[in-house]
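Listing of data.txt; format and content: compact mmCIF, C-alpha atoms.
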# COMPACT_ATOMS: atom_id res chain seq x y z
CA ILE A 22 -6.87 8.92 34.50
CA GLY A 23 -6.44 6.55 31.57
CA PHE A 24 -10.12 6.84 30.68
CA LEU A 25 -10.07 10.65 30.84
CA VAL A 26 -6.85 11.03 28.86
CA PHE A 27 -7.27 8.35 26.20
CA THR A 28 -11.05 7.97 25.81
CA ALA A 29 -13.28 10.70 27.24
CA GLY A 30 -10.88 13.54 26.41
CA PRO A 31 -10.43 12.72 22.69
CA PHE A 32 -14.14 11.86 22.47
CA LEU A 33 -15.22 15.32 23.61
CA ALA A 34 -12.37 17.07 21.78
CA SER A 35 -13.42 15.53 18.46
CA LEU A 36 -16.97 16.79 18.99
CA VAL A 37 -15.71 20.35 19.47
CA LEU A 38 -13.26 20.04 16.56
CA SER A 39 -16.05 18.88 14.24
CA PHE A 40 -17.34 22.47 14.31
CA THR A 41 -13.94 23.96 13.41
CA ASP A 42 -11.60 24.32 10.46
CA TRP A 43 -8.33 22.81 11.72
CA GLN A 44 -5.43 21.82 9.46
CA ILE A 45 -3.19 20.53 12.32
CA THR A 46 -0.56 23.23 11.77
CA THR A 47 -3.08 26.05 12.08
CA THR A 48 -5.18 27.30 14.97
CA PRO A 49 -8.69 25.79 15.01
CA LYS A 50 -11.21 28.25 13.58
CA TRP A 51 -14.88 27.98 14.54
CA VAL A 52 -17.06 27.40 11.45
CA GLY A 53 -20.25 26.07 13.05
CA LEU A 54 -22.13 23.59 10.89
CA ASP A 55 -20.09 24.26 7.74
CA ASN A 56 -18.28 20.91 7.93
CA TYR A 57 -21.55 19.00 8.13
CA LEU A 58 -23.13 21.03 5.32
CA ARG A 59 -20.06 20.37 3.16
CA ILE A 60 -20.28 16.62 3.84
CA PHE A 61 -23.94 16.35 2.87
CA THR A 62 -23.98 18.78 -0.05
CA ARG A 63 -20.52 18.99 -1.66
CA ASP A 64 -18.69 15.71 -1.02
CA PRO A 65 -19.48 12.84 -3.43
CA ASP A 66 -17.00 10.56 -1.65
CA PHE A 67 -19.23 10.66 1.43
CA TYR A 68 -22.15 9.02 -0.35
CA GLN A 69 -19.90 6.55 -2.18
CA SER A 70 -18.25 5.47 1.08
CA LEU A 71 -21.66 5.06 2.73
CA ARG A 72 -22.88 2.99 -0.21
CA VAL A 73 -19.86 0.69 -0.05
CA THR A 74 -20.01 0.36 3.74
CA PHE A 75 -23.74 -0.39 3.88
CA THR A 76 -23.39 -2.94 1.07
CA TYR A 77 -20.59 -4.63 2.96
CA VAL A 78 -22.58 -4.68 6.21
CA GLY A 79 -25.63 -6.10 4.42
CA LEU A 80 -23.56 -8.91 2.90
CA SER A 81 -21.03 -9.75 5.60
CA LEU A 82 -23.18 -9.52 8.73
CA PRO A 83 -25.71 -12.27 7.85
CA LEU A 84 -22.90 -14.46 6.47
CA SER A 85 -20.81 -14.08 9.62
CA LEU A 86 -23.76 -14.85 11.89
CA VAL A 87 -24.92 -17.90 9.93
CA CYS A 88 -21.43 -19.31 9.31
CA GLY A 89 -20.36 -18.70 12.91
CA LEU A 90 -23.46 -20.45 14.27
CA SER A 91 -23.13 -23.36 11.83
CA LEU A 92 -19.46 -23.81 12.68
CA SER A 93 -20.21 -23.75 16.41
CA ILE A 94 -22.76 -26.56 16.00
CA LEU A 95 -20.10 -28.64 14.23
CA LEU A 96 -17.54 -27.83 16.93
CA ASN A 97 -20.02 -28.93 19.59
CA GLN A 98 -20.02 -32.53 18.37
CA ARG A 99 -18.33 -35.23 20.41
CA VAL A 100 -15.67 -36.56 18.06
CA PRO A 101 -11.99 -37.38 18.67
CA GLY A 102 -9.62 -34.38 18.38
CA MET A 103 -12.36 -31.75 18.67
CA ARG A 104 -10.19 -29.52 20.89
CA VAL A 105 -7.62 -29.35 18.09
CA PHE A 106 -10.28 -28.28 15.59
CA ARG A 107 -11.55 -25.60 17.97
CA THR A 108 -8.04 -24.23 18.36
CA LEU A 109 -7.39 -24.22 14.62
CA PHE A 110 -10.62 -22.39 13.81
CA TYR A 111 -9.92 -19.78 16.49
CA LEU A 112 -6.31 -19.07 15.44
CA PRO A 113 -7.19 -16.58 12.65
CA VAL A 114 -8.75 -14.26 15.25
CA VAL A 115 -5.41 -13.65 16.99
CA LEU A 116 -3.39 -13.06 13.82
CA SER A 117 -2.35 -9.57 12.73
CA GLY A 118 -4.77 -7.87 10.37
CA VAL A 119 -1.95 -6.73 8.07
CA SER A 120 -0.43 -10.19 7.76
CA VAL A 121 -3.85 -11.70 7.03
CA ALA A 122 -4.47 -9.04 4.35
CA LEU A 123 -1.13 -9.85 2.68
CA MET A 124 -1.97 -13.56 2.79
CA TRP A 125 -5.30 -12.95 1.06
CA MET A 126 -3.59 -10.80 -1.59
CA TRP A 127 -1.50 -13.85 -2.41
CA LEU A 128 -4.39 -16.33 -2.26
CA LEU A 129 -6.62 -14.24 -4.54
CA ASN A 130 -3.96 -12.97 -6.93
CA PRO A 131 -5.51 -13.34 -10.42
CA GLU A 132 -2.25 -14.52 -12.04
CA TYR A 133 -0.55 -16.86 -9.58
CA GLY A 134 -2.95 -17.03 -6.61
CA VAL A 135 -3.86 -20.37 -5.06
CA VAL A 136 -7.63 -19.92 -5.52
CA ASN A 137 -7.49 -19.15 -9.26
CA THR A 138 -4.92 -21.90 -9.77
CA LEU A 139 -7.25 -24.46 -8.17
CA LEU A 140 -10.18 -23.14 -10.21
CA SER A 141 -8.17 -23.52 -13.42
CA TYR A 142 -7.72 -27.24 -12.67
CA ILE A 143 -11.48 -27.71 -13.05
CA GLY A 144 -11.77 -25.48 -16.10
CA ILE A 145 -12.98 -22.29 -14.40
CA GLN A 146 -11.45 -18.92 -15.24
CA GLY A 147 -11.11 -17.17 -11.88
CA PRO A 148 -12.01 -13.46 -11.58
CA ASN A 149 -9.58 -10.65 -10.83
CA TRP A 150 -10.84 -10.49 -7.24
CA PHE A 151 -9.46 -7.38 -5.49
CA TRP A 152 -8.37 -5.91 -8.83
CA SER A 153 -11.85 -5.99 -10.37
CA ILE A 154 -14.59 -3.41 -9.84
CA GLU A 155 -17.25 -6.13 -9.74
CA TRP A 156 -15.36 -8.52 -7.46
CA ALA A 157 -13.39 -6.23 -5.14
CA LEU A 158 -16.14 -5.78 -2.55
CA PRO A 159 -17.27 -9.45 -2.60
CA SER A 160 -13.60 -10.36 -2.11
CA VAL A 161 -13.47 -8.29 1.08
CA VAL A 162 -16.67 -9.99 2.26
CA LEU A 163 -15.17 -13.41 1.52
CA MET A 164 -12.03 -12.49 3.44
CA THR A 165 -14.01 -11.57 6.57
CA LEU A 166 -15.26 -15.18 6.84
CA TRP A 167 -11.65 -16.09 7.68
CA ARG A 168 -12.27 -14.78 11.22
CA VAL A 169 -15.61 -16.50 11.74
CA GLY A 170 -14.03 -18.84 14.31
CA GLY A 171 -14.07 -16.06 16.91
CA GLY A 172 -17.84 -15.86 16.84
CA ALA A 173 -18.11 -19.63 16.67
CA ILE A 174 -16.30 -19.99 20.02
CA ILE A 175 -18.79 -17.61 21.65
CA TYR A 176 -21.72 -19.51 20.14
CA LEU A 177 -20.10 -22.73 21.35
CA ALA A 178 -20.09 -21.43 24.93
CA GLY A 179 -23.79 -20.62 24.57
CA LEU A 180 -24.55 -24.06 23.12
CA GLN A 181 -22.86 -25.81 26.02
CA ASN A 182 -25.01 -23.86 28.48
CA ILE A 183 -28.26 -25.22 27.03
CA PRO A 184 -29.69 -27.80 29.50
CA PRO A 185 -29.63 -31.32 27.96
CA HIS A 186 -33.05 -32.15 29.40
CA LEU A 187 -34.66 -29.75 26.92
CA TYR A 188 -33.40 -31.84 24.01
CA GLU A 189 -34.49 -35.03 25.78
CA ALA A 190 -38.01 -33.62 26.26
CA ALA A 191 -38.12 -32.57 22.60
CA GLU A 192 -37.08 -36.06 21.48
CA ILE A 193 -39.82 -37.61 23.61
CA ASP A 194 -42.30 -35.33 21.85
CA GLY A 195 -41.01 -36.62 18.51
CA ALA A 196 -38.88 -33.65 17.48
CA GLY A 197 -36.25 -34.29 14.82
CA VAL A 198 -32.94 -32.53 14.23
CA TRP A 199 -34.44 -29.44 12.57
CA ALA A 200 -37.27 -29.16 15.08
CA LYS A 201 -34.80 -29.23 17.98
CA LEU A 202 -32.68 -26.60 16.24
CA ILE A 203 -35.61 -24.24 15.65
CA HIS A 204 -37.55 -24.78 18.88
CA VAL A 205 -34.77 -25.45 21.40
CA THR A 206 -31.33 -24.39 20.18
CA LEU A 207 -32.15 -21.02 18.58
CA PRO A 208 -34.46 -19.73 21.37
CA MET A 209 -32.00 -20.75 24.09
CA LEU A 210 -29.10 -19.32 22.11
CA SER A 211 -30.88 -16.04 21.27
CA PRO A 212 -29.06 -13.97 23.98
CA THR A 213 -25.72 -15.07 22.52
CA ILE A 214 -26.93 -14.32 18.98
CA PHE A 215 -28.06 -10.90 20.17
CA PHE A 216 -24.64 -10.17 21.67
CA GLN A 217 -22.85 -11.29 18.51
CA LEU A 218 -25.21 -9.30 16.31
CA VAL A 219 -24.46 -6.09 18.19
CA MET A 220 -20.69 -6.64 18.29
CA GLU A 221 -20.38 -7.72 14.65
CA LEU A 222 -22.65 -4.89 13.50
CA ILE A 223 -20.41 -2.31 15.16
CA ASP A 224 -17.30 -4.04 13.83
CA ALA A 225 -18.63 -4.27 10.26
CA PHE A 226 -19.15 -0.51 10.06
CA GLN A 227 -15.50 0.05 10.98
CA VAL A 228 -13.63 -2.07 8.41
CA PHE A 229 -10.31 -0.45 7.60
CA THR A 230 -7.11 -2.53 7.75
CA ALA A 231 -7.80 -4.94 4.88
CA VAL A 232 -8.91 -2.33 2.36
CA TYR A 233 -6.12 0.05 3.36
CA VAL A 234 -3.48 -2.63 2.79
CA ILE A 235 -4.97 -4.39 -0.25
CA THR A 236 -7.04 -2.03 -2.39
CA GLY A 237 -6.56 1.49 -1.03
CA GLY A 238 -10.20 2.15 -1.89
CA GLY A 239 -9.92 1.02 -5.50
CA PRO A 240 -10.47 0.06 -8.16
CA ALA A 241 -12.57 3.10 -9.12
CA ARG A 242 -13.61 3.70 -5.46
CA SER A 243 -15.41 0.34 -5.36
CA THR A 244 -13.91 -0.39 -1.92
CA LEU A 245 -13.87 3.15 -0.53
CA PHE A 246 -15.09 2.21 2.95
CA TYR A 247 -16.12 4.96 5.33
CA MET A 248 -13.19 4.44 7.71
CA LEU A 249 -10.73 4.69 4.81
CA TYR A 250 -12.47 7.83 3.57
CA MET A 251 -12.19 9.36 7.04
CA PHE A 252 -8.54 8.28 7.41
CA ARG A 253 -7.60 9.97 4.14
CA THR A 254 -9.28 13.20 5.22
CA ALA A 255 -7.45 13.21 8.55
CA PHE A 256 -4.00 11.84 7.75
CA GLU A 257 -3.53 12.55 4.05
CA ASP A 258 -5.38 15.86 3.66
CA PHE A 259 -4.71 16.84 7.32
CA ASP A 260 -8.22 18.31 7.55
CA MET A 261 -8.86 17.26 11.14
CA GLY A 262 -11.95 19.36 11.71
CA TYR A 263 -13.66 17.88 8.67
CA ALA A 264 -12.54 14.36 9.63
CA SER A 265 -13.98 14.84 13.13
CA ALA A 266 -17.34 15.70 11.59
CA GLN A 267 -17.13 12.55 9.46
CA ALA A 268 -16.35 10.50 12.57
CA TRP A 269 -19.38 11.81 14.42
CA ILE A 270 -21.68 11.06 11.52
CA MET A 271 -20.52 7.44 11.57
CA ALA A 272 -20.88 7.35 15.36
CA VAL A 273 -24.51 8.44 15.02
CA ILE A 274 -25.15 5.84 12.30
CA ILE A 275 -23.69 3.03 14.43
CA MET A 276 -25.62 4.24 17.47
CA PHE A 277 -28.87 4.30 15.50
CA PHE A 278 -28.57 0.74 14.22
CA THR A 279 -27.36 -0.56 17.58
CA LEU A 280 -30.38 0.98 19.32
CA LEU A 281 -32.59 -0.51 16.60
CA VAL A 282 -31.24 -3.98 17.39
CA PHE A 283 -31.77 -3.39 21.11
CA ARG A 284 -35.35 -2.27 20.55
CA SER A 285 -36.07 -5.33 18.40
CA SER A 286 -34.60 -7.75 20.96
CA ALA A 287 -37.82 -7.87 22.98
CA ALA A 288 -39.50 -9.66 20.07
CA TRP A 289 -36.93 -12.42 19.54
CA VAL A 290 -34.49 -12.73 22.45
CA TYR A 291 -35.49 -15.21 25.15
CA TYR A 292 -33.98 -15.10 28.63
CA GLU A 293 -34.51 -18.23 30.68
Take the structure from the file and write it as C-alpha cells.
Amino acid sequence: IGFLVFTAGPFLASLVLSFTDWQITTTPKWVGLDNYLRIFTRDPDFYQSLRVTFTYVGLSLPLSLVCGLSLSILLNQRVPGMRVFRTLFYLPVVLSGVSVALMWMWLLNPEYGVVNTLLSYIGIQGPNWFWSIEWALPSVVLMTLWRVGGGAIIYLAGLQNIPPHLYEAAEIDGAGVWAKLIHVTLPMLSPTIFFQLVMELIDAFQVFTAVYVITGGGPARSTLFYMLYMFRTAFEDFDMGYASAQAWIMAVIIMFFTLLVFRSSAAWVYYE
C-alpha cells in the first residue's frame, strides 16, 4: 500500500500530468507534447540548468570517487584511535543538509569567513566564493567533498574484504605499494567502485538543498541546477504539468547514464 500510494502512484501520475496544462487550481487540460516542445524550443533556462548540472557532475563525480577511495585507504591503516577517525569522517553524512549549507555560507563568506581569513594570513586575497559568477559553481563542488566520508566507509568495507594472501603473493613477486594498488586493490575493489559510481552519479544529478539555501540559482544563473529549475516551475510558478515534463526529462537523462555505466561494467568490474 505504501509503495502504491507514495511511489508508484505519483510516478505514473506525473507521467500523465506531463502531457497536460495544470496550474494546481485549475483542471488538468490535455496538451499532448506541447510541454516538451516548449522545453526544447522556448525555454532558455532549460539549457542553462543542464549546462550547470552537467558541469557539476563532471567536476564533482571524479573528485568524490577519488577522494573517497583515498580516504578509505588511509582509514584502513592500523594506527591507534582509527575508530575515532572513522566516526569523525562519517559524521557529516548524517547532518542536516540545511545546517551544512548555512555552515558553508559562514566558512566561505568573502568578508568574515574562516577560509578567506586564513588565506589573508598568508597574503592571498580569497575569492567571493558563492557570490561570484566564476567561483559559485566550484564552491558547490568544494562543499560536496564535505560528505566524502560516506563513500569512504563503503570503500573501507570493500577493502577489508580483500583476502590478505593476494597482497602477500604480490609482495613475493616483488610488487611495491603502487603495483599492489593497481593490480590487487583496484581490481578487487571494482564492484564497490561500480556501486559508488552509480549511486553518486544519480545523486549528483539531483543536487538541490545547498543551492536552494545558499545561492538560489545565482549569481546570474551560474548555479541554476536542474532540480532548482524544476522546483521553481512547480512551487513558485505552480505550473505542475510543465514541471512534470521537466522531471521526466531528467529521469530519462539519469536512466541513460546509469545504463551506460552498467554496460561499461563488463570491461572493468571484476567479480571474484
Write out as an mmCIF file with C-alpha atoms, in the coordinates of the input the residues lying within 9 Å of segment 70-81 of chain A, counting all atoms listed in the file and excluding same-chain residues fewer than 2 positions away.
data_model
loop_
_atom_site.group_PDB
_atom_site.id
_atom_site.type_symbol
_atom_site.label_atom_id
_atom_site.label_comp_id
_atom_site.auth_asym_id
_atom_site.auth_seq_id
_atom_site.Cartn_x
_atom_site.Cartn_y
_atom_site.Cartn_z
ATOM 1 C CA PRO A 65 -19.480 12.840 -3.430
ATOM 2 C CA ASP A 66 -17.000 10.560 -1.650
ATOM 3 C CA PHE A 67 -19.230 10.660 1.430
ATOM 4 C CA TYR A 68 -22.150 9.020 -0.350
ATOM 5 C CA PRO A 83 -25.710 -12.270 7.850
ATOM 6 C CA LEU A 84 -22.900 -14.460 6.470
ATOM 7 C CA SER A 85 -20.810 -14.080 9.620
ATOM 8 C CA LEU A 86 -23.760 -14.850 11.890
ATOM 9 C CA LEU A 158 -16.140 -5.780 -2.550
ATOM 10 C CA PRO A 159 -17.270 -9.450 -2.600
ATOM 11 C CA VAL A 161 -13.470 -8.290 1.080
ATOM 12 C CA VAL A 162 -16.670 -9.990 2.260
ATOM 13 C CA LEU A 163 -15.170 -13.410 1.520
ATOM 14 C CA THR A 165 -14.010 -11.570 6.570
ATOM 15 C CA LEU A 166 -15.260 -15.180 6.840
ATOM 16 C CA LEU A 222 -22.650 -4.890 13.500
ATOM 17 C CA ALA A 225 -18.630 -4.270 10.260
ATOM 18 C CA PHE A 226 -19.150 -0.510 10.060
ATOM 19 C CA GLN A 227 -15.500 0.050 10.980
ATOM 20 C CA VAL A 228 -13.630 -2.070 8.410
ATOM 21 C CA ARG A 242 -13.610 3.700 -5.460
ATOM 22 C CA SER A 243 -15.410 0.340 -5.360
ATOM 23 C CA THR A 244 -13.910 -0.390 -1.920
ATOM 24 C CA LEU A 245 -13.870 3.150 -0.530
ATOM 25 C CA PHE A 246 -15.090 2.210 2.950
ATOM 26 C CA TYR A 247 -16.120 4.960 5.330
ATOM 27 C CA MET A 248 -13.190 4.440 7.710
ATOM 28 C CA LEU A 249 -10.730 4.690 4.810
ATOM 29 C CA TYR A 250 -12.470 7.830 3.570
#
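The nearest approach to Val119 of chain A among the residues A:Ile145, A:Ala157, A:Val234, A:Leu54, with only C-alpha atoms taken into account, belongs to A:Val234.
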**Asked** Using all atoms listed in the file, can you list as a list in words the residues within 12 Å of (-8.8, 10.8, 6.8)?
**Response** Gln44, Asp66, Phe67, Phe229, Tyr233, Leu245, Phe246, Tyr247, Met248, Leu249, Tyr250, Met251, Phe252, Arg253, Thr254, Ala255, Phe256, Glu257, Asp258, Phe259, Asp260, Met261, Gly262, Tyr263, Ala264, Ser265, Ala266, Gln267 and Ala268 of chain A
Review point. In Å, with one decimal, what is the gap from atom CA of Ser285 of chain A to atom CA of Asp224 of chain A?
Key: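 Taking atom CA of Ser285 of chain A and atom CA of Asp224 of chain A, their separation equals 19.4 Å.
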Exercise: Leu128 of chain A partners within 12 Å, all atoms listed in the file, chain neighbours under 3 positions left out, as a PyMOL selection string: chain A and resi 121-125+131-140+147+149-151+160+163-164
Could you pull the residues within 12 Å of Leu109 of chain A, counting only C-alpha atoms, minus those fewer than 6 positions along the same chain, as an NGL selection string? :A and (96 or 102-103 or 115-116 or 167-171 or 173-174)
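Atom CA of Gly23 of chain A is positioned 28.1 Å from atom CA of Asp42 of chain A.
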Using all atoms listed in the file, which residue out of A:Asn182, A:Glu155, A:Ser39, A:Pro101 lies closest to Ala241 of chain A?
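Closest residue, counting all atoms listed in the file: A:Glu155.
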Computed gap from atom CA of Glu293 of chain A to atom CA of Leu90 of chain A is 19.9 Å
Item checked: Radius query 10 Å about (-24.3, -28.3, 16.3), atoms used: only C-alpha atoms, as JSON, numbers by chain -> {"A": [90, 91, 92, 93, 94, 95, 96, 97, 98, 176, 177, 180, 198, 202, 206]}
